[in-house]
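Written below as structure tokens is the structure these notes are about.
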Amino acid sequence: MEILDKMNEAQADLAQVIRLALAEQTEDVRLFVARLVRKYRNTEPELAEQMDLYLRTKMPRTSAPMRKAAQPAALEHALPVDDESRLSLLKVYKDAPDREQPLLSADLEDVLSQLIQERRQTERLASMGLNPTRSAIFVGPPGVGKTLTARWLAAQLGVPLCVLDLTAVMSSLLGRSGNNLRAALDFAKRNPCVLLLDEIDAIAKRRSDESDVGELKRLVTVIMQEVDEWPATGLLLAATNHPELIDPALWRRFDLVIDFKLPEMPAVKAAIKRFLGQDYALFGRWIDILSLAFNGESFSTIERDIQRFRRAVALGTAADADLIEDFTKSRVLVLDRQPRIDLAVMLAKQTRLSQHTISDITGVSRDTIRKYTSEQPPVAKKTSKRKSDA
Ligand SMILES: Nc1ncnc2c1ncn2[C@@H]1O[C@H](COP(=O)(O)OP(=O)(O)OP(=O)(O)O)[C@@H](O)[C@H]1O
Ligand SMILES: [Mg+2]
């Protein structure tokens, strides 16, 4: 048992060194190895000595000890080099203010537009003794625009968006992730920006892992303090698709909870239109059918599938109608029965496809299609035996 534990720990150490080395976090590698030297000095003296020797040997390229190696020029989107900011943990997006607005429900649009107005009129608020919203948490299923909206919001406010990758924070040096997090947050506080703690549930998810409990508690504490103390000049955002995993104490510290939902039919339609781009001219007349086929899906799924469809169109061997048919067929596979029937009925009404073909595409029997199309209106009339209008 003990050997096993030891093995796992040694393996974990090895993995950590590899991770840091591949990320070219030279200084972190050195610090970590120095810790390993101390850790293994008693149990594995030879190994410790060897590692110590490597540490002391001046390596030709990264000779200056205690200095962070120059960042490779390729990492253009990383922040300017700043030893204190733990750059690898923060990603920065600088988008122009005319960045296209995400598709948002009317409710969502209202909430976000107030958020923006608050920022644009801080003086007016201040004159009445009010602060703008300092923090908000975005909640919703995957692919509905939480991260995208954070980017758009920052662009609207004319500041960069800094995204803190919490998964990276947690896999950073054990015992130091609290420090790393603090350094990254300090950096975001010092520079005008919107900070997004993306996938904030990542911390909670890791809780089951016994060995990390102390460390994770520390992280949650750091975040709670930061949310409490976040200056009104900055905007702190968080996003999650697992609200149930978030510590209630952390949860209630956010000024605002913003719900992102799967798109309703009109939004699905708008999304298809947007994602079809110039191909909308060709396929606009199929929009109702496509909308039905995508009912209940996230924006990102719609985008992905429409992109695939457009590639097929671009390669263009088949006729448009055949492409749509094939495409619809592939979508139908994931639909429930009633949506499939709706789709079949729509195809029957809006296209010249034979009932046979429609049945083939949708898997709905011809009888059912007939029942819902040709016979329904008369039946509806007959059965609604209206009492004569008085
Ligand atoms: N509301 C939207 N309007 C337009 N496009 C969207 C919208 N939501 C998602 N998309 C498309 O889907 C992609 C993924 O969206 P995004 O990363 O914002 O999802 P998310 O809600 O953050 O999901 P996750 O919870 O998985 O992080 C976007 O880059 C965009 O192309
Ligand atoms: Mg996201």
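In the structure tokens, the first chain shown is A, the next is B, and so on; residue numbers restart at 1 for each chain, and ligands run from 1 in the order shown.
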Nearby residues (only C-alpha atoms) at most 8 Å from Ile358 (chain A), same-chain spacing under 4 positions excluded, as a PDB file with N, CA, C and O atoms, in the first residue's frame:
```pdb
ATOM      1  N   ALA A 344     -41.840  16.435 -40.592  1.00  0.00           N
ATOM      2  CA  ALA A 344     -42.413  15.745 -41.750  1.00  0.00           C
ATOM      3  C   ALA A 344     -43.573  16.554 -42.327  1.00  0.00           C
ATOM      4  O   ALA A 344     -43.689  16.721 -43.549  1.00  0.00           O
ATOM      5  N   LEU A 347     -42.296  19.538 -44.155  1.00  0.00           N
ATOM      6  CA  LEU A 347     -41.741  19.150 -45.456  1.00  0.00           C
ATOM      7  C   LEU A 347     -42.869  18.909 -46.454  1.00  0.00           C
ATOM      8  O   LEU A 347     -42.787  19.300 -47.623  1.00  0.00           O
ATOM      9  N   ALA A 348     -43.923  18.270 -45.972  1.00  0.00           N
ATOM     10  CA  ALA A 348     -45.042  17.967 -46.860  1.00  0.00           C
ATOM     11  C   ALA A 348     -45.707  19.248 -47.349  1.00  0.00           C
ATOM     12  O   ALA A 348     -46.126  19.346 -48.501  1.00  0.00           O
ATOM     13  N   LEU A 353     -41.493  17.499 -52.167  1.00  0.00           N
ATOM     14  CA  LEU A 353     -41.055  16.126 -51.924  1.00  0.00           C
ATOM     15  C   LEU A 353     -42.276  15.219 -51.802  1.00  0.00           C
ATOM     16  O   LEU A 353     -43.294  15.611 -51.230  1.00  0.00           O
ATOM     17  N   SER A 354     -42.142  14.018 -52.325  1.00  0.00           N
ATOM     18  CA  SER A 354     -43.262  13.081 -52.214  1.00  0.00           C
ATOM     19  C   SER A 354     -43.363  12.587 -50.783  1.00  0.00           C
ATOM     20  O   SER A 354     -42.386  12.635 -50.025  1.00  0.00           O
ATOM     21  N   THR A 362     -37.633  11.315 -42.683  1.00  0.00           N
ATOM     22  CA  THR A 362     -37.968  11.552 -41.278  1.00  0.00           C
ATOM     23  C   THR A 362     -38.260  10.282 -40.491  1.00  0.00           C
ATOM     24  O   THR A 362     -38.305  10.308 -39.257  1.00  0.00           O
ATOM     25  N   GLY A 363     -38.501   9.223 -41.172  1.00  0.00           N
ATOM     26  CA  GLY A 363     -38.860   7.999 -40.463  1.00  0.00           C
ATOM     27  C   GLY A 363     -40.297   8.022 -39.955  1.00  0.00           C
ATOM     28  O   GLY A 363     -40.703   7.168 -39.175  1.00  0.00           O
ATOM     29  N   VAL A 364     -41.067   9.019 -40.386  1.00  0.00           N
ATOM     30  CA  VAL A 364     -42.486   9.075 -39.994  1.00  0.00           C
ATOM     31  C   VAL A 364     -43.304   8.384 -41.086  1.00  0.00           C
ATOM     32  O   VAL A 364     -43.078   8.622 -42.276  1.00  0.00           O
TER      33      VAL A 364
END
```
Could you list, as a compact mmCIF listing (two decimals) with C-alpha atoms, in the first residue's frame, all the residues within 7 Å of ligand 1, counting only C-alpha atoms and all ligand atoms?
```txt
# COMPACT_ATOMS: atom_id res chain seq x y z
CA PRO A 102 -24.03 37.50 -29.90
CA LEU A 103 -27.58 36.33 -30.42
CA LEU A 104 -29.31 37.12 -27.15
CA GLY A 140 -26.21 28.01 -18.66
CA PRO A 141 -25.65 24.88 -20.72
CA PRO A 142 -22.62 24.52 -23.02
CA GLY A 143 -22.49 26.43 -26.28
CA VAL A 144 -25.04 29.15 -25.61
CA GLY A 145 -22.65 32.08 -25.63
CA LYS A 146 -21.37 32.64 -22.11
CA THR A 147 -17.74 33.06 -23.07
CA LEU A 148 -18.66 34.79 -26.30
CA THR A 149 -20.81 37.32 -24.46
CA GLU A 199 -15.69 27.36 -15.86
CA THR A 240 -20.41 27.92 -15.27
CA ASN A 241 -22.65 25.21 -16.61
CA ALA A 271 -28.80 31.66 -35.72
CA PHE A 299 -25.93 27.81 -30.79
CA SER A 300 -22.61 26.07 -31.01
CA GLU A 303 -23.05 26.59 -35.94
```
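With only C-alpha atoms and all ligand atoms as the atoms that count, the residue of A:Val169, A:Ala136, A:Leu130, A:Ala238 with the shortest distance to ligand 2 is A:Ala238.
Atom pair CA of Arg182 (chain A) / CA of Ala12 (chain A): separated by 24.3 Å.
With distances taken over only C-alpha atoms and all ligand atoms, A:Phe260 is the one residue among A:Trp230, A:Phe32, A:Phe260, A:Trp286 lying closest to ligand 2.
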With distances taken over only C-alpha atoms and all ligand atoms, the candidate from A:Val163, A:Gln121, A:Arg30, A:Gln11 nearest ligand 2 is A:Val163
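Separating CA of Leu185 (chain A) from CA of Glu226 (chain A) is a distance of 7.8 Å.
Across the model, the gap from CA of Lys189 (chain A) to CA of Ser113 (chain A) is 23.2 Å.
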Compile the contact shell of Ile361 (chain A) as number ranges by chain: residues with an atom at most 9 Å away, counting only C-alpha atoms, same-chain residues fewer than 6 positions apart removed. A: 325-326, 328-330, 332, 344
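Distances here use only C-alpha atoms and all ligand atoms; by that measure, the residue among A:Ala239, A:Leu256, A:Ile306, A:Leu164 closest to ligand 2 is A:Ala239.
Once Ala150 (chain A) and its same-chain neighbours fewer than 3 positions away are set aside, Phe138, Gly145, Lys146, Thr147, Leu153, Ala154, Ala155, Leu161, Val194, Leu195, Leu196 and Leu237 of chain A remain within 9 Å of it when counting only C-alpha atoms.
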Using only N, CA, C and O atoms, please write the residues we just selected to a file, as a JSON list (two decimals), in the first residue's frame.
```
[["chain", "number", "residue", "atom", "x", "y", "z"],
["A", 138, "PHE", "N", -22.38, 34.07, -15.10],
["A", 138, "PHE", "CA", -23.16, 33.57, -16.23],
["A", 138, "PHE", "C", -23.42, 32.08, -16.02],
["A", 138, "PHE", "O", -22.48, 31.31, -15.83],
["A", 145, "GLY", "N", -23.20, 30.74, -25.47],
["A", 145, "GLY", "CA", -22.65, 32.08, -25.63],
["A", 145, "GLY", "C", -22.15, 32.76, -24.37],
["A", 145, "GLY", "O", -22.00, 33.97, -24.36],
["A", 146, "LYS", "N", -21.85, 32.01, -23.34],
["A", 146, "LYS", "CA", -21.37, 32.64, -22.11],
["A", 146, "LYS", "C", -20.00, 33.29, -22.32],
["A", 146, "LYS", "O", -19.81, 34.48, -22.07],
["A", 147, "THR", "N", -19.07, 32.52, -22.84],
["A", 147, "THR", "CA", -17.74, 33.06, -23.07],
["A", 147, "THR", "C", -17.77, 34.13, -24.15],
["A", 147, "THR", "O", -17.17, 35.20, -24.02],
["A", 153, "LEU", "N", -18.97, 41.87, -24.29],
["A", 153, "LEU", "CA", -19.18, 42.86, -23.23],
["A", 153, "LEU", "C", -17.92, 43.70, -23.02],
["A", 153, "LEU", "O", -17.98, 44.93, -22.96],
["A", 154, "ALA", "N", -16.80, 43.02, -22.93],
["A", 154, "ALA", "CA", -15.53, 43.74, -22.74],
["A", 154, "ALA", "C", -15.29, 44.69, -23.92],
["A", 154, "ALA", "O", -14.91, 45.85, -23.73],
["A", 155, "ALA", "N", -15.55, 44.21, -25.12],
["A", 155, "ALA", "CA", -15.35, 45.04, -26.31],
["A", 155, "ALA", "C", -16.26, 46.26, -26.26],
["A", 155, "ALA", "O", -15.86, 47.37, -26.60],
["A", 161, "LEU", "N", -10.57, 41.64, -22.51],
["A", 161, "LEU", "CA", -11.11, 40.61, -21.63],
["A", 161, "LEU", "C", -9.95, 39.71, -21.20],
["A", 161, "LEU", "O", -9.23, 39.17, -22.05],
["A", 194, "VAL", "N", -11.99, 43.50, -18.24],
["A", 194, "VAL", "CA", -13.03, 42.65, -17.66],
["A", 194, "VAL", "C", -12.35, 41.32, -17.39],
["A", 194, "VAL", "O", -11.66, 40.79, -18.25],
["A", 195, "LEU", "N", -12.50, 40.81, -16.18],
["A", 195, "LEU", "CA", -11.89, 39.52, -15.87],
["A", 195, "LEU", "C", -12.96, 38.44, -15.89],
["A", 195, "LEU", "O", -14.01, 38.60, -15.27],
["A", 196, "LEU", "N", -12.70, 37.38, -16.60],
["A", 196, "LEU", "CA", -13.65, 36.25, -16.64],
["A", 196, "LEU", "C", -13.02, 35.04, -15.98],
["A", 196, "LEU", "O", -11.98, 34.55, -16.40],
["A", 237, "LEU", "N", -16.38, 38.75, -14.01],
["A", 237, "LEU", "CA", -17.39, 37.82, -14.49],
["A", 237, "LEU", "C", -16.96, 36.40, -14.18],
["A", 237, "LEU", "O", -15.76, 36.11, -14.10]]
```
